file coords-v1.txt (compact mmCIF, C-alpha atoms and all ligand atoms)
# COMPACT_ATOMS: atom_id res chain seq x y z
CA MET A 236 -40.60 -3.86 4.16
CA ALA A 237 -44.25 -4.63 3.53
CA LEU A 238 -45.73 -7.24 5.87
CA LYS A 239 -44.76 -10.91 5.76
CA TYR A 240 -47.29 -13.58 6.76
CA GLU A 241 -45.85 -16.69 8.42
CA LEU A 242 -48.17 -19.71 8.64
CA ILE A 243 -47.37 -21.60 11.86
CA LYS A 244 -49.98 -24.37 12.05
CA LYS A 245 -53.35 -25.36 10.61
CA ASP A 246 -55.87 -27.08 12.87
CA LYS A 247 -56.25 -30.76 11.99
CA TYR A 248 -60.08 -30.79 11.91
CA SER A 249 -60.96 -27.31 10.53
CA ASN A 250 -59.55 -24.53 8.34
CA ALA A 251 -58.57 -22.54 11.44
CA ARG A 252 -54.86 -21.67 11.46
CA VAL A 253 -52.26 -19.96 13.61
CA GLY A 254 -49.83 -17.51 12.00
CA VAL A 255 -47.78 -14.37 12.59
CA ILE A 256 -47.92 -11.17 10.55
CA HIS A 257 -44.50 -9.49 10.65
CA THR A 258 -44.71 -5.70 10.24
CA ALA A 259 -42.30 -2.79 10.73
CA HIS A 260 -44.20 -1.89 13.94
CA GLY A 261 -44.11 -5.41 15.39
CA ASP A 262 -45.50 -8.92 15.03
CA ILE A 263 -49.23 -9.74 15.08
CA PRO A 264 -50.20 -13.28 16.21
CA THR A 265 -53.25 -14.62 14.36
CA PRO A 266 -56.16 -15.28 14.63
CA ILE A 267 -56.53 -11.84 16.17
CA PHE A 268 -59.26 -9.37 17.11
CA MET A 269 -58.44 -5.72 16.33
CA PRO A 270 -59.87 -2.99 18.60
CA VAL A 271 -61.40 -0.08 16.67
CA GLY A 272 -59.85 3.33 17.35
CA THR A 273 -62.12 5.54 15.26
CA LEU A 274 -61.02 9.06 16.21
CA GLY A 275 -57.39 8.29 17.02
CA THR A 276 -58.27 6.51 20.24
CA VAL A 277 -59.86 3.23 21.25
CA LYS A 278 -62.54 5.00 23.26
CA THR A 279 -61.53 5.51 26.93
CA MET A 280 -58.40 3.32 26.55
CA THR A 281 -54.79 4.56 26.81
CA PRO A 282 -52.06 2.79 24.78
CA GLU A 283 -50.83 1.36 28.09
CA ASP A 284 -54.30 -0.11 28.72
CA LEU A 285 -54.24 -1.62 25.19
CA LEU A 286 -50.80 -3.15 25.69
CA GLY A 287 -51.85 -4.46 29.12
CA MET A 288 -54.91 -6.24 27.73
CA GLY A 289 -52.91 -7.86 24.91
CA ALA A 290 -53.94 -5.70 21.93
CA LYS A 291 -51.46 -6.27 19.08
CA ILE A 292 -52.92 -3.97 16.42
CA ILE A 293 -55.62 -1.28 16.39
CA LEU A 294 -57.74 0.31 13.69
CA GLY A 295 -57.68 3.97 12.70
CA ASN A 296 -60.41 5.70 10.71
CA THR A 297 -59.34 7.34 7.45
CA TYR A 298 -62.65 9.17 6.91
CA HIS A 299 -62.79 10.66 10.39
CA LEU A 300 -59.11 11.57 10.65
CA TYR A 301 -59.24 13.19 7.20
CA LEU A 302 -62.03 15.48 8.41
CA LYS A 303 -60.65 15.98 11.95
CA PRO A 304 -57.86 16.76 12.78
CA GLY A 305 -57.17 16.71 9.01
CA MET A 306 -54.06 15.63 7.12
CA ASP A 307 -52.20 18.91 7.69
CA ILE A 308 -52.05 18.25 11.45
CA MET A 309 -51.52 14.49 10.88
CA LYS A 310 -48.47 15.17 8.69
CA LYS A 311 -47.08 17.74 11.15
CA ALA A 312 -47.54 15.21 13.95
CA GLY A 313 -45.46 12.73 11.96
CA GLY A 314 -48.34 10.30 11.51
CA LEU A 315 -50.91 8.60 13.76
CA HIS A 316 -48.44 6.43 15.73
CA LYS A 317 -46.71 9.53 17.09
CA PHE A 318 -49.92 11.54 17.37
CA MET A 319 -51.62 8.94 19.62
CA ASN A 320 -48.46 7.45 21.19
CA TRP A 321 -49.14 3.92 19.88
CA ASP A 322 -46.02 2.37 18.36
CA LYS A 323 -47.47 -1.00 17.37
CA PRO A 324 -49.27 -1.79 14.08
CA ILE A 325 -52.19 0.33 12.87
CA LEU A 326 -54.65 -0.80 10.20
CA THR A 327 -56.79 1.79 8.44
CA ASP A 328 -59.89 1.39 6.35
CA SER A 329 -60.06 3.12 2.96
CA GLY A 330 -62.88 5.47 3.96
CA GLY A 331 -65.56 4.40 1.46
CA PHE A 332 -67.52 2.38 4.00
CA GLN A 333 -67.46 5.25 6.50
CA VAL A 334 -68.56 7.76 3.83
CA PHE A 335 -71.62 5.57 3.23
CA SER A 336 -72.40 5.02 6.86
CA LEU A 337 -71.86 8.58 8.04
CA SER A 338 -71.92 11.36 5.46
CA ASP A 339 -74.81 12.96 3.56
CA ASN A 340 -75.70 13.11 -0.13
CA ARG A 341 -72.77 11.11 -1.38
CA LYS A 342 -72.52 10.37 -5.09
CA ILE A 343 -70.57 7.55 -6.77
CA THR A 344 -68.90 8.04 -10.16
CA GLU A 345 -66.13 6.16 -11.96
CA GLU A 346 -63.69 8.67 -10.48
CA GLY A 347 -64.69 8.07 -6.86
CA VAL A 348 -67.18 9.23 -4.23
CA THR A 349 -68.24 12.83 -3.57
CA PHE A 350 -69.80 13.52 -0.19
CA ARG A 351 -70.59 16.22 2.30
CA SER A 352 -68.84 16.12 5.68
CA HIS A 353 -71.15 14.98 8.50
CA ILE A 354 -69.38 17.62 10.64
CA ASP A 355 -69.71 20.89 8.67
CA GLY A 356 -71.36 19.93 5.37
CA SER A 357 -68.25 20.79 3.32
CA LYS A 358 -67.90 18.98 -0.03
CA HIS A 359 -65.20 16.34 -0.56
CA LEU A 360 -64.11 13.78 -3.15
CA PHE A 361 -62.52 10.42 -2.25
CA THR A 362 -60.82 8.56 -5.08
CA PRO A 363 -58.77 5.36 -4.90
CA GLU A 364 -55.62 7.47 -5.15
CA LYS A 365 -56.80 10.00 -2.53
CA SER A 366 -57.67 7.17 -0.13
CA ILE A 367 -54.15 5.70 -0.35
CA SER A 368 -52.65 9.18 -0.02
CA ILE A 369 -54.56 9.80 3.24
CA GLN A 370 -53.55 6.36 4.57
CA ASN A 371 -49.96 7.26 3.64
CA ASP A 372 -50.18 10.48 5.69
CA ILE A 373 -51.56 8.49 8.64
CA HIS A 374 -48.51 6.19 8.30
CA SER A 375 -50.86 3.21 8.33
CA ASP A 376 -49.06 -0.16 8.48
CA ILE A 377 -51.90 -2.03 6.77
CA MET A 378 -54.04 -0.04 4.32
CA MET A 379 -57.29 -1.02 2.66
CA SER A 380 -58.13 -0.69 -1.02
CA PHE A 381 -60.86 1.85 -1.88
CA ASP A 382 -64.05 -0.12 -2.44
CA GLU A 383 -67.83 0.13 -2.43
CA CYS A 384 -69.46 -1.97 0.26
CA VAL A 385 -72.93 -2.75 -1.11
CA ASP A 386 -76.04 -3.26 0.99
CA ALA A 387 -76.88 -6.92 1.71
CA ARG A 388 -80.20 -6.49 -0.17
CA ALA A 389 -78.76 -4.85 -3.33
CA ASP A 390 -79.93 -6.50 -6.59
CA TYR A 391 -77.71 -8.57 -8.90
CA ASP A 392 -77.16 -5.90 -11.58
CA TYR A 393 -76.19 -3.25 -9.05
CA VAL A 394 -73.82 -5.64 -7.22
CA GLU A 395 -72.22 -6.79 -10.49
CA ASN A 396 -71.52 -3.25 -11.71
CA SER A 397 -70.35 -2.14 -8.28
CA MET A 398 -68.05 -5.17 -7.95
CA LYS A 399 -66.46 -4.47 -11.37
CA ARG A 400 -65.93 -0.80 -10.47
CA THR A 401 -64.38 -1.84 -7.14
CA LEU A 402 -61.93 -3.98 -9.16
CA ARG A 403 -61.03 -0.99 -11.37
CA TRP A 404 -60.59 1.12 -8.21
CA ALA A 405 -58.42 -1.62 -6.67
CA LYS A 406 -56.06 -1.50 -9.66
CA ARG A 407 -55.84 2.32 -9.50
CA GLY A 408 -55.13 2.22 -5.77
CA LEU A 409 -52.48 -0.48 -6.14
CA ASP A 410 -50.69 1.47 -8.91
CA TYR A 411 -50.74 4.64 -6.77
CA HIS A 412 -49.51 2.63 -3.75
CA LYS A 413 -46.52 1.22 -5.67
CA GLU A 414 -45.60 4.74 -6.71
CA HIS A 415 -46.16 6.68 -3.48
CA SER A 416 -46.36 4.50 -0.33
CA HIS A 417 -43.49 3.97 2.11
CA PRO A 418 -41.97 0.48 1.66
CA ASP A 419 -43.07 -0.48 5.20
CA GLN A 420 -46.73 0.07 4.29
CA SER A 421 -48.89 -2.84 3.12
CA LEU A 422 -52.11 -2.82 1.09
CA PHE A 423 -55.01 -5.29 1.17
CA GLY A 424 -57.43 -5.96 -1.66
CA ILE A 425 -61.12 -6.30 -0.72
CA VAL A 426 -63.43 -8.94 -2.19
CA GLN A 427 -67.01 -7.83 -2.85
CA GLY A 428 -69.90 -9.46 -4.74
CA GLY A 429 -72.78 -9.19 -2.24
CA MET A 430 -74.78 -12.37 -1.59
CA PHE A 431 -74.14 -13.76 -5.10
CA LYS A 432 -71.63 -16.63 -5.29
CA ASP A 433 -70.76 -16.17 -8.96
CA LEU A 434 -69.96 -12.50 -8.32
CA ARG A 435 -68.00 -13.40 -5.18
CA GLU A 436 -65.94 -15.90 -7.21
CA ARG A 437 -65.22 -13.36 -9.97
CA SER A 438 -64.30 -10.69 -7.44
CA ALA A 439 -62.08 -13.10 -5.48
CA ARG A 440 -60.27 -14.42 -8.57
CA GLU A 441 -59.63 -10.96 -10.05
CA THR A 442 -58.71 -9.33 -6.73
CA THR A 443 -56.26 -12.11 -5.76
CA ALA A 444 -54.71 -11.90 -9.25
CA MET A 445 -53.37 -8.48 -8.18
CA ASP A 446 -50.29 -8.54 -5.94
CA PHE A 447 -51.81 -7.21 -2.71
CA ASP A 448 -50.13 -8.03 0.63
CA GLY A 449 -53.33 -9.51 2.05
CA PHE A 450 -57.05 -9.82 1.33
CA SER A 451 -60.26 -8.74 3.05
CA ILE A 452 -63.73 -10.10 2.63
CA GLY A 453 -65.94 -7.02 2.37
CA GLY A 454 -69.67 -6.59 2.08
CA LEU A 455 -70.50 -8.74 5.12
CA SER A 456 -71.98 -7.86 8.52
CA VAL A 457 -74.10 -5.29 6.71
CA GLY A 458 -77.57 -6.64 7.49
CA GLU A 459 -77.49 -10.10 5.96
CA THR A 460 -78.62 -13.08 8.08
CA LYS A 461 -76.09 -15.13 10.05
CA GLU A 462 -76.66 -18.04 7.68
CA GLU A 463 -75.96 -15.84 4.64
CA MET A 464 -72.80 -14.45 6.27
CA ILE A 465 -71.48 -17.91 7.05
CA ASP A 466 -72.44 -19.22 3.60
CA ILE A 467 -70.67 -16.39 1.71
CA LEU A 468 -67.72 -16.51 4.14
CA ASN A 469 -67.17 -20.26 3.64
CA PHE A 470 -67.64 -19.97 -0.12
CA THR A 471 -65.24 -17.04 -0.55
CA THR A 472 -62.36 -17.76 1.89
CA PRO A 473 -60.94 -20.75 -0.06
CA PHE A 474 -60.28 -18.43 -3.04
CA LEU A 475 -57.89 -16.35 -0.91
CA PRO A 476 -54.20 -17.41 -1.01
CA LYS A 477 -53.06 -19.41 2.05
CA ASP A 478 -49.74 -17.53 2.27
CA LYS A 479 -51.27 -14.11 2.92
CA PRO A 480 -53.42 -12.69 5.77
CA ARG A 481 -57.20 -12.83 5.45
CA TYR A 482 -59.41 -10.18 7.13
CA ASN A 483 -63.19 -10.46 7.59
CA MET A 484 -64.33 -6.85 7.98
CA GLY A 485 -66.76 -5.72 10.66
CA VAL A 486 -66.80 -8.93 12.70
CA GLY A 487 -67.95 -9.21 15.39
CA THR A 488 -69.71 -11.00 18.12
CA PRO A 489 -67.97 -14.07 19.62
CA ASP A 490 -69.89 -16.51 17.36
CA TYR A 491 -69.02 -14.50 14.22
CA LEU A 492 -65.36 -14.53 15.32
CA PHE A 493 -65.42 -18.31 15.84
CA GLU A 494 -67.12 -18.87 12.46
CA SER A 495 -64.62 -16.58 10.72
CA PHE A 496 -61.54 -18.19 12.26
CA GLU A 497 -62.96 -21.68 11.59
CA ALA A 498 -63.17 -20.74 7.89
CA GLY A 499 -59.49 -19.73 7.86
CA ILE A 500 -59.81 -15.98 8.53
CA ASP A 501 -56.88 -14.41 10.42
CA MET A 502 -58.12 -10.92 11.36
CA ALA A 503 -61.38 -9.32 12.49
CA ASP A 504 -62.52 -5.95 13.81
CA CYS A 505 -65.66 -4.67 15.47
CA VAL A 506 -66.90 -1.62 17.37
CA LEU A 507 -69.13 -3.96 19.44
CA PRO A 508 -67.05 -4.40 22.64
CA THR A 509 -66.53 -0.68 23.27
CA ARG A 510 -69.96 0.35 21.96
CA ILE A 511 -71.97 -2.05 24.18
CA ALA A 512 -69.68 -1.16 27.09
CA ARG A 513 -70.82 2.46 26.85
CA ASN A 514 -74.40 1.16 27.00
CA GLY A 515 -73.66 -0.87 30.14
CA THR A 516 -73.38 -4.38 28.68
CA ALA A 517 -70.52 -6.78 29.43
CA LEU A 518 -69.44 -9.80 27.40
CA THR A 519 -68.84 -12.69 29.82
CA SER A 520 -68.10 -16.41 29.51
CA ARG A 521 -71.78 -16.97 30.46
CA GLY A 522 -73.13 -14.62 27.78
CA ARG A 523 -74.02 -10.94 27.84
CA LEU A 524 -74.60 -9.26 31.19
CA VAL A 525 -76.52 -5.97 31.37
CA VAL A 526 -74.86 -4.65 34.47
CA LYS A 527 -77.39 -1.80 34.90
CA ASN A 528 -80.10 -4.35 35.81
CA ALA A 529 -81.40 -4.05 39.37
CA ALA A 530 -80.47 -7.72 39.85
CA TYR A 531 -76.85 -6.60 40.37
CA LYS A 532 -77.58 -3.85 42.90
CA GLU A 533 -76.01 -5.87 45.73
CA ASP A 534 -73.92 -8.26 43.66
CA PHE A 535 -70.36 -7.71 44.89
CA THR A 536 -68.84 -10.38 42.64
CA SER A 537 -66.86 -9.59 39.44
CA LEU A 538 -68.41 -9.17 35.98
CA ASP A 539 -67.08 -12.53 34.80
CA HIS A 540 -66.07 -15.06 37.45
CA GLU A 541 -63.60 -16.64 35.01
CA CYS A 542 -61.92 -13.39 33.96
CA ASP A 543 -58.61 -12.20 35.42
CA CYS A 544 -58.61 -8.74 33.84
CA TYR A 545 -57.94 -5.50 35.76
CA THR A 546 -61.67 -4.72 35.97
CA CYS A 547 -62.63 -8.21 37.22
CA ARG A 548 -59.79 -8.31 39.77
CA ASN A 549 -60.70 -4.96 41.34
CA TYR A 550 -64.35 -4.03 40.91
CA SER A 551 -67.81 -5.56 41.47
CA ARG A 552 -70.96 -5.65 39.39
CA ALA A 553 -72.65 -3.47 42.04
CA TYR A 554 -69.96 -0.81 41.75
CA ILE A 555 -69.93 -0.75 37.94
CA ARG A 556 -73.76 -0.72 37.93
CA HIS A 557 -73.62 2.31 40.25
CA LEU A 558 -71.12 4.11 37.99
CA MET A 559 -73.31 3.52 34.92
CA ASN A 560 -76.43 4.69 36.76
CA VAL A 561 -74.80 7.98 37.76
CA ASN A 562 -73.17 8.32 34.31
CA GLU A 563 -69.62 8.22 35.68
CA ILE A 564 -67.10 7.85 32.80
CA LEU A 565 -65.14 5.26 34.81
CA GLY A 566 -68.06 2.85 34.28
CA ALA A 567 -67.66 2.90 30.50
CA ARG A 568 -63.89 2.68 30.90
CA LEU A 569 -63.97 -0.38 33.18
CA LEU A 570 -66.54 -2.14 30.95
CA SER A 571 -64.59 -1.28 27.76
CA TYR A 572 -61.41 -2.65 29.27
CA HIS A 573 -63.11 -5.91 30.25
CA ASN A 574 -64.95 -6.39 26.93
CA LEU A 575 -61.81 -5.85 24.86
CA TYR A 576 -59.80 -8.08 27.18
CA PHE A 577 -62.51 -10.76 26.90
CA LEU A 578 -62.29 -10.90 23.09
CA LEU A 579 -58.48 -10.66 23.00
CA LYS A 580 -58.21 -13.45 25.59
CA MET A 581 -60.69 -15.53 23.57
CA CYS A 582 -58.39 -15.13 20.54
CA GLU A 583 -55.37 -16.19 22.61
CA ASN A 584 -57.30 -19.30 23.75
CA ILE A 585 -58.26 -19.98 20.11
CA ARG A 586 -54.60 -19.79 19.03
CA GLU A 587 -53.64 -22.26 21.79
CA ALA A 588 -56.50 -24.59 20.85
CA ILE A 589 -55.42 -24.60 17.18
CA MET A 590 -51.84 -25.46 18.21
CA GLU A 591 -53.26 -28.54 19.97
CA ASP A 592 -55.73 -29.48 17.17
CA ARG A 593 -58.71 -28.87 19.47
CA PHE A 594 -60.22 -25.70 17.94
CA LEU A 595 -63.63 -27.36 17.46
CA ASP A 596 -63.63 -28.67 21.05
CA TYR A 597 -62.87 -25.20 22.39
CA LYS A 598 -65.58 -23.69 20.17
CA LYS A 599 -68.16 -26.16 21.55
CA GLU A 600 -67.02 -25.58 25.14
CA PHE A 601 -67.25 -21.79 24.64
CA TYR A 602 -70.68 -21.96 22.93
CA ASP A 603 -72.17 -24.22 25.63
CA LYS A 604 -71.04 -21.85 28.44
CA TYR A 605 -71.92 -18.66 26.54
CA GLY A 606 -75.39 -19.95 25.76
CA TYR A 607 -75.19 -20.09 21.94
C1 LIG A 701 -69.74 -3.63 10.84
N1 LIG A 701 -69.81 -4.32 9.58
C2 LIG A 701 -68.93 -4.02 8.60
N2 LIG A 701 -67.92 -3.11 8.71
C3 LIG A 701 -67.35 -3.07 7.48
C4 LIG A 701 -66.29 -2.27 7.01
C5 LIG A 701 -65.61 -1.30 7.95
C6 LIG A 701 -64.62 -1.98 8.88
C7 LIG A 701 -64.00 -0.92 9.74
C8 LIG A 701 -62.69 -0.53 9.51
C9 LIG A 701 -62.11 0.50 10.28
C10 LIG A 701 -62.87 1.13 11.27
C11 LIG A 701 -62.27 2.25 12.05
F1 LIG A 701 -63.19 2.90 12.75
F2 LIG A 701 -61.34 1.80 12.87
F3 LIG A 701 -61.70 3.08 11.20
C12 LIG A 701 -64.17 0.77 11.51
C13 LIG A 701 -64.74 -0.27 10.73
C14 LIG A 701 -65.94 -2.38 5.63
N3 LIG A 701 -64.91 -1.61 5.11
C15 LIG A 701 -64.63 -1.68 3.78
N4 LIG A 701 -63.66 -0.91 3.25
N5 LIG A 701 -65.29 -2.50 2.92
C16 LIG A 701 -66.27 -3.32 3.38
O1 LIG A 701 -66.90 -4.05 2.55
C17 LIG A 701 -66.63 -3.28 4.79
C18 LIG A 701 -67.66 -4.10 5.28
C19 LIG A 701 -68.01 -3.97 6.63
N6 LIG A 701 -68.99 -4.56 7.36
ZN ZN A 702 -62.73 -9.03 33.09
call {"tool": "encode", "arguments": {"input": "coords-v1.txt", "output": "structure tokens", "more": "lines below"}}
Ligand SMILES: CNc1nc2c(CCc3ccc(C(F)(F)F)cc3)c3[nH]c(N)nc(=O)c3cc2[nH]1
Ligand SMILES: [Zn+2]
result
Amino acid sequence: MALKYELIKKDKYSNARVGVIHTAHGDIPTPIFMPVGTLGTVKTMTPEDLLGMGAKIILGNTYHLYLKPGMDIMKKAGGLHKFMNWDKPILTDSGGFQVFSLSDNRKITEEGVTFRSHIDGSKHLFTPEKSISIQNDIHSDIMMSFDECVDARADYDYVENSMKRTLRWAKRGLDYHKEHSHPDQSLFGIVQGGMFKDLRERSARETTAMDFDGFSIGGLSVGETKEEMIDILNFTTPFLPKDKPRYNMGVGTPDYLFESFEAGIDMADCVLPTRIARNGTALTSRGRLVVKNAAYKEDFTSLDHECDCYTCRNYSRAYIRHLMNVNEILGARLLSYHNLYFLLKMCENIREAIMEDRFLDYKKEFYDKYGY
């Protein structure tokens, strides 16, 4: 069956809420952070690592997997779960966002988006139907509607026309989904509308009028200011039905996660923790720590003195700094593990705080220590 969202408890003093998303590949406690597994792997992490750190769902990348290894191999493998040996939920994006952030000379028409592969320059066309079909082949548990994510600085006319086309694409994708998807697969609609509240309201009302299994807020974390993100987030979220999951796409840093969950968002994703790990930066309860700094040359304490993860229980800042300085892959792996664990643990603490009506207290305590 398609997913079922179960609301457990709303925080007394904010819109933050605890719930469970029941899927064919297992239950997802919310609020939850979802590690990004672009190329069929959360970089440097095995599925056992992901289970050990408390990951409940990971993201797969439709655009990338379509180009490599391609859907022929994906189908022969029996889908992404089998291919990558991850038997818990997988959420996939619809590919449009990745086409715009990665490929060359893409062109938008009513039919869809034509683009050239960033790998070999070959020509391709993504349509709403094609996007669902690829997500079907991946065996995605939670699929995204094919949309256009507009730049934060796009003008009103462009955003209005794009938003209306995204609604037409959403309808086409939903019709194709009802006809072709496996009953265990779910589909989310995506609300667009840029930085314009009237367009956000129209997009939200018309998207939620369609019977999607959940709803994403798109078009954020694309260069707007933090104030704009929070303003659009808090304006848009109330239009989303309370009895279905809400996903704020591309979020984020700890503060963006707190702001999203405070607004009533249930799900968030971001490449941040693994990306900054590969650059030698750790997220800690006292803020970011650039472990490559000379200051840590003889610091034999753990990355985060309050963290009980595998990395923090077994390795020192000095050792991880050394690994990064000699470009040893283990450095990126130990930092990735810790950064993902840090955000997943933060979400677990947030869920506990909501259960005790002290979400805002926990947010303040976290912000004060982190240095926000
Ligand atoms: C970083 N900011 C941001 N990311 C955004 C994303 C991508 C989310 C995503 C999903 C899957 C992966 C994968 F690597 F795991 F595959 C990686 C990233 C958006 N996606 C869609 N469809 N509409 C949007 O309007 C939108 C806005 C977004 N702002
Ligand atoms: Zn740690």
call {"tool": "closest_residue", "arguments": {"input": "coords-v1.txt", "among": "A:Arg548, A:Arg513, A:His260, A:Lys245", "to": "ligand ZN 702 (chain A)", "atoms": "only C-alpha atoms and all ligand atoms"}}
result
A:Arg548
call {"tool": "closest_atom_pairs", "arguments": {"input": "coords-v1.txt", "of": "chain A", "to": "ligand LIG 701 (chain A)", "cutoff": "9 Å", "atoms": "only C-alpha atoms and all ligand atoms", "output": "CSV"}}
result
residue,atom,partner,partner_atom,distance
A:Met269,CA,A:LIG701,F2,8.8
A:Pro270,CA,A:LIG701,F2,7.6
A:Val271,CA,A:LIG701,F2,4.2
A:Gly272,CA,A:LIG701,F2,5.0
A:Thr273,CA,A:LIG701,F1,3.8
A:Leu274,CA,A:LIG701,F1,7.4
A:Gly275,CA,A:LIG701,F2,8.7
A:Val277,CA,A:LIG701,F2,8.6
A:Ile293,CA,A:LIG701,F2,7.4
A:Leu294,CA,A:LIG701,F2,4.0
A:Gly295,CA,A:LIG701,F2,4.3
A:Asn296,CA,A:LIG701,F3,3.0
A:Thr297,CA,A:LIG701,F3,6.1
A:Tyr298,CA,A:LIG701,F3,7.5
A:His299,CA,A:LIG701,F3,7.7
A:Leu300,CA,A:LIG701,F3,8.9
A:Leu326,CA,A:LIG701,C9,7.6
A:Thr327,CA,A:LIG701,C9,5.8
A:Asp328,CA,A:LIG701,C9,4.6
A:Ser329,CA,A:LIG701,N4,5.4
A:Gly330,CA,A:LIG701,N4,6.5
A:Gly331,CA,A:LIG701,N4,5.9
A:Phe332,CA,A:LIG701,N3,4.9
A:Gln333,CA,A:LIG701,C5,7.0
A:Met379,CA,A:LIG701,N4,6.4
A:Ser380,CA,A:LIG701,N4,7.0
A:Phe381,CA,A:LIG701,N4,6.5
A:Asp382,CA,A:LIG701,N4,5.8
A:Glu383,CA,A:LIG701,N5,6.5
A:Cys384,CA,A:LIG701,O1,4.0
A:Val385,CA,A:LIG701,O1,7.2
A:Ile425,CA,A:LIG701,N5,6.7
A:Val426,CA,A:LIG701,O1,7.6
A:Gln427,CA,A:LIG701,O1,6.6
A:Ser451,CA,A:LIG701,N5,8.0
A:Ile452,CA,A:LIG701,O1,6.8
A:Gly453,CA,A:LIG701,O1,3.1
A:Gly454,CA,A:LIG701,O1,3.8
A:Leu455,CA,A:LIG701,N6,5.0
A:Ser456,CA,A:LIG701,N1,4.3
A:Val457,CA,A:LIG701,N6,5.2
A:Gly458,CA,A:LIG701,N1,8.4
A:Asn483,CA,A:LIG701,C18,8.1
A:Met484,CA,A:LIG701,C3,4.9
A:Gly485,CA,A:LIG701,C2,3.4
A:Val486,CA,A:LIG701,N1,6.3
A:Gly487,CA,A:LIG701,C1,7.4
A:Ala503,CA,A:LIG701,C6,8.8
A:Asp504,CA,A:LIG701,C7,6.6
A:Cys505,CA,A:LIG701,C1,6.3
A:Val506,CA,A:LIG701,C12,6.9
A:Leu507,CA,A:LIG701,C1,8.6
call {"tool": "residues_near_ligand", "arguments": {"input": "coords-v1.txt", "ligand": "ligand ZN 702 (chain A)", "cutoff": "8 Å", "atoms": "only C-alpha atoms and all ligand atoms", "output": "MDAnalysis selection string"}}
result
chainID A and resid 519 537:539 541:548 572:574 576:577
call {"tool": "closest_residue", "arguments": {"input": "coords-v1.txt", "among": "A:Thr472, A:Thr536, A:Asn514, A:Thr488", "to": "A:Leu578", "atoms": "only C-alpha atoms"}}
result
A:Thr488
call {"tool": "closest_residue", "arguments": {"input": "coords-v1.txt", "among": "A:Asn469, A:Asn562, A:Thr276, A:Asn528", "to": "A:His316", "atoms": "only C-alpha atoms"}}
result
A:Thr276
call {"tool": "atom_distance", "arguments": {"input": "coords-v1.txt", "atom1": "atom CA of A:Met236", "atom2": "atom CA of A:Thr362"}}
result
25.5 Å
call {"tool": "closest_residue", "arguments": {"input": "coords-v1.txt", "among": "A:Leu360, A:Leu409, A:Ala259, A:Met502", "to": "A:Asp446", "atoms": "only C-alpha atoms"}}
result
A:Leu409
call {"tool": "residues_around", "arguments": {"input": "coords-v1.txt", "residues": "A:Arg586", "least_positions_apart": "6", "cutoff": "12 Å", "atoms": "all atoms listed in the file", "output": "PyMOL selection string"}}
result
chain A and resi 243-246+251-255+264-268+493+496-497+501+579-580+592-595+597-598
call {"tool": "write_last_selection", "arguments": {"input": "coords-v1.txt", "atoms": "C-alpha atoms", "output": "tab-separated table (two decimals), in the frame of the given file"}}
result
chain	number	residue	atom	x	y	z
A	243	ILE	CA	-47.37	-21.60	11.86
A	244	LYS	CA	-49.98	-24.37	12.05
A	245	LYS	CA	-53.35	-25.36	10.61
A	246	ASP	CA	-55.87	-27.08	12.87
A	251	ALA	CA	-58.57	-22.54	11.44
A	252	ARG	CA	-54.86	-21.67	11.46
A	253	VAL	CA	-52.26	-19.96	13.61
A	254	GLY	CA	-49.83	-17.51	12.00
A	255	VAL	CA	-47.78	-14.37	12.59
A	264	PRO	CA	-50.20	-13.28	16.21
A	265	THR	CA	-53.25	-14.62	14.36
A	266	PRO	CA	-56.16	-15.28	14.63
A	267	ILE	CA	-56.53	-11.84	16.17
A	268	PHE	CA	-59.26	-9.37	17.11
A	493	PHE	CA	-65.42	-18.31	15.84
A	496	PHE	CA	-61.54	-18.19	12.26
A	497	GLU	CA	-62.96	-21.68	11.59
A	501	ASP	CA	-56.88	-14.41	10.42
A	579	LEU	CA	-58.48	-10.66	23.00
A	580	LYS	CA	-58.21	-13.45	25.59
A	592	ASP	CA	-55.73	-29.48	17.17
A	593	ARG	CA	-58.71	-28.87	19.47
A	594	PHE	CA	-60.22	-25.70	17.94
A	595	LEU	CA	-63.63	-27.36	17.46
A	597	TYR	CA	-62.87	-25.20	22.39
A	598	LYS	CA	-65.58	-23.69	20.17
call {"tool": "decode", "arguments": {"input": "coords-v1.txt", "residues": "stretch 551-555 of chain A", "atoms": "N, CA, C and O atoms", "output": "tab-separated table (two decimals), in the first residue's frame"}}
result
chain	number	residue	atom	x	y	z
A	551	SER	N	40.60	10.62	17.52
A	551	SER	CA	40.82	11.99	18.01
A	551	SER	C	40.84	12.99	16.87
A	551	SER	O	40.96	12.62	15.69
A	552	ARG	N	40.71	14.26	17.23
A	552	ARG	CA	40.81	15.34	16.25
A	552	ARG	C	42.19	15.28	15.56
A	552	ARG	O	42.27	15.41	14.33
A	553	ALA	N	43.23	15.02	16.34
A	553	ALA	CA	44.59	14.99	15.78
A	553	ALA	C	44.71	13.91	14.70
A	553	ALA	O	45.29	14.12	13.64
A	554	TYR	N	44.08	12.75	14.98
A	554	TYR	CA	44.18	11.64	14.02
A	554	TYR	C	43.38	11.96	12.75
A	554	TYR	O	43.88	11.79	11.63
A	555	ILE	N	42.17	12.47	12.92
A	555	ILE	CA	41.34	12.78	11.75
A	555	ILE	C	41.97	13.92	10.95
A	555	ILE	O	41.99	13.91	9.71
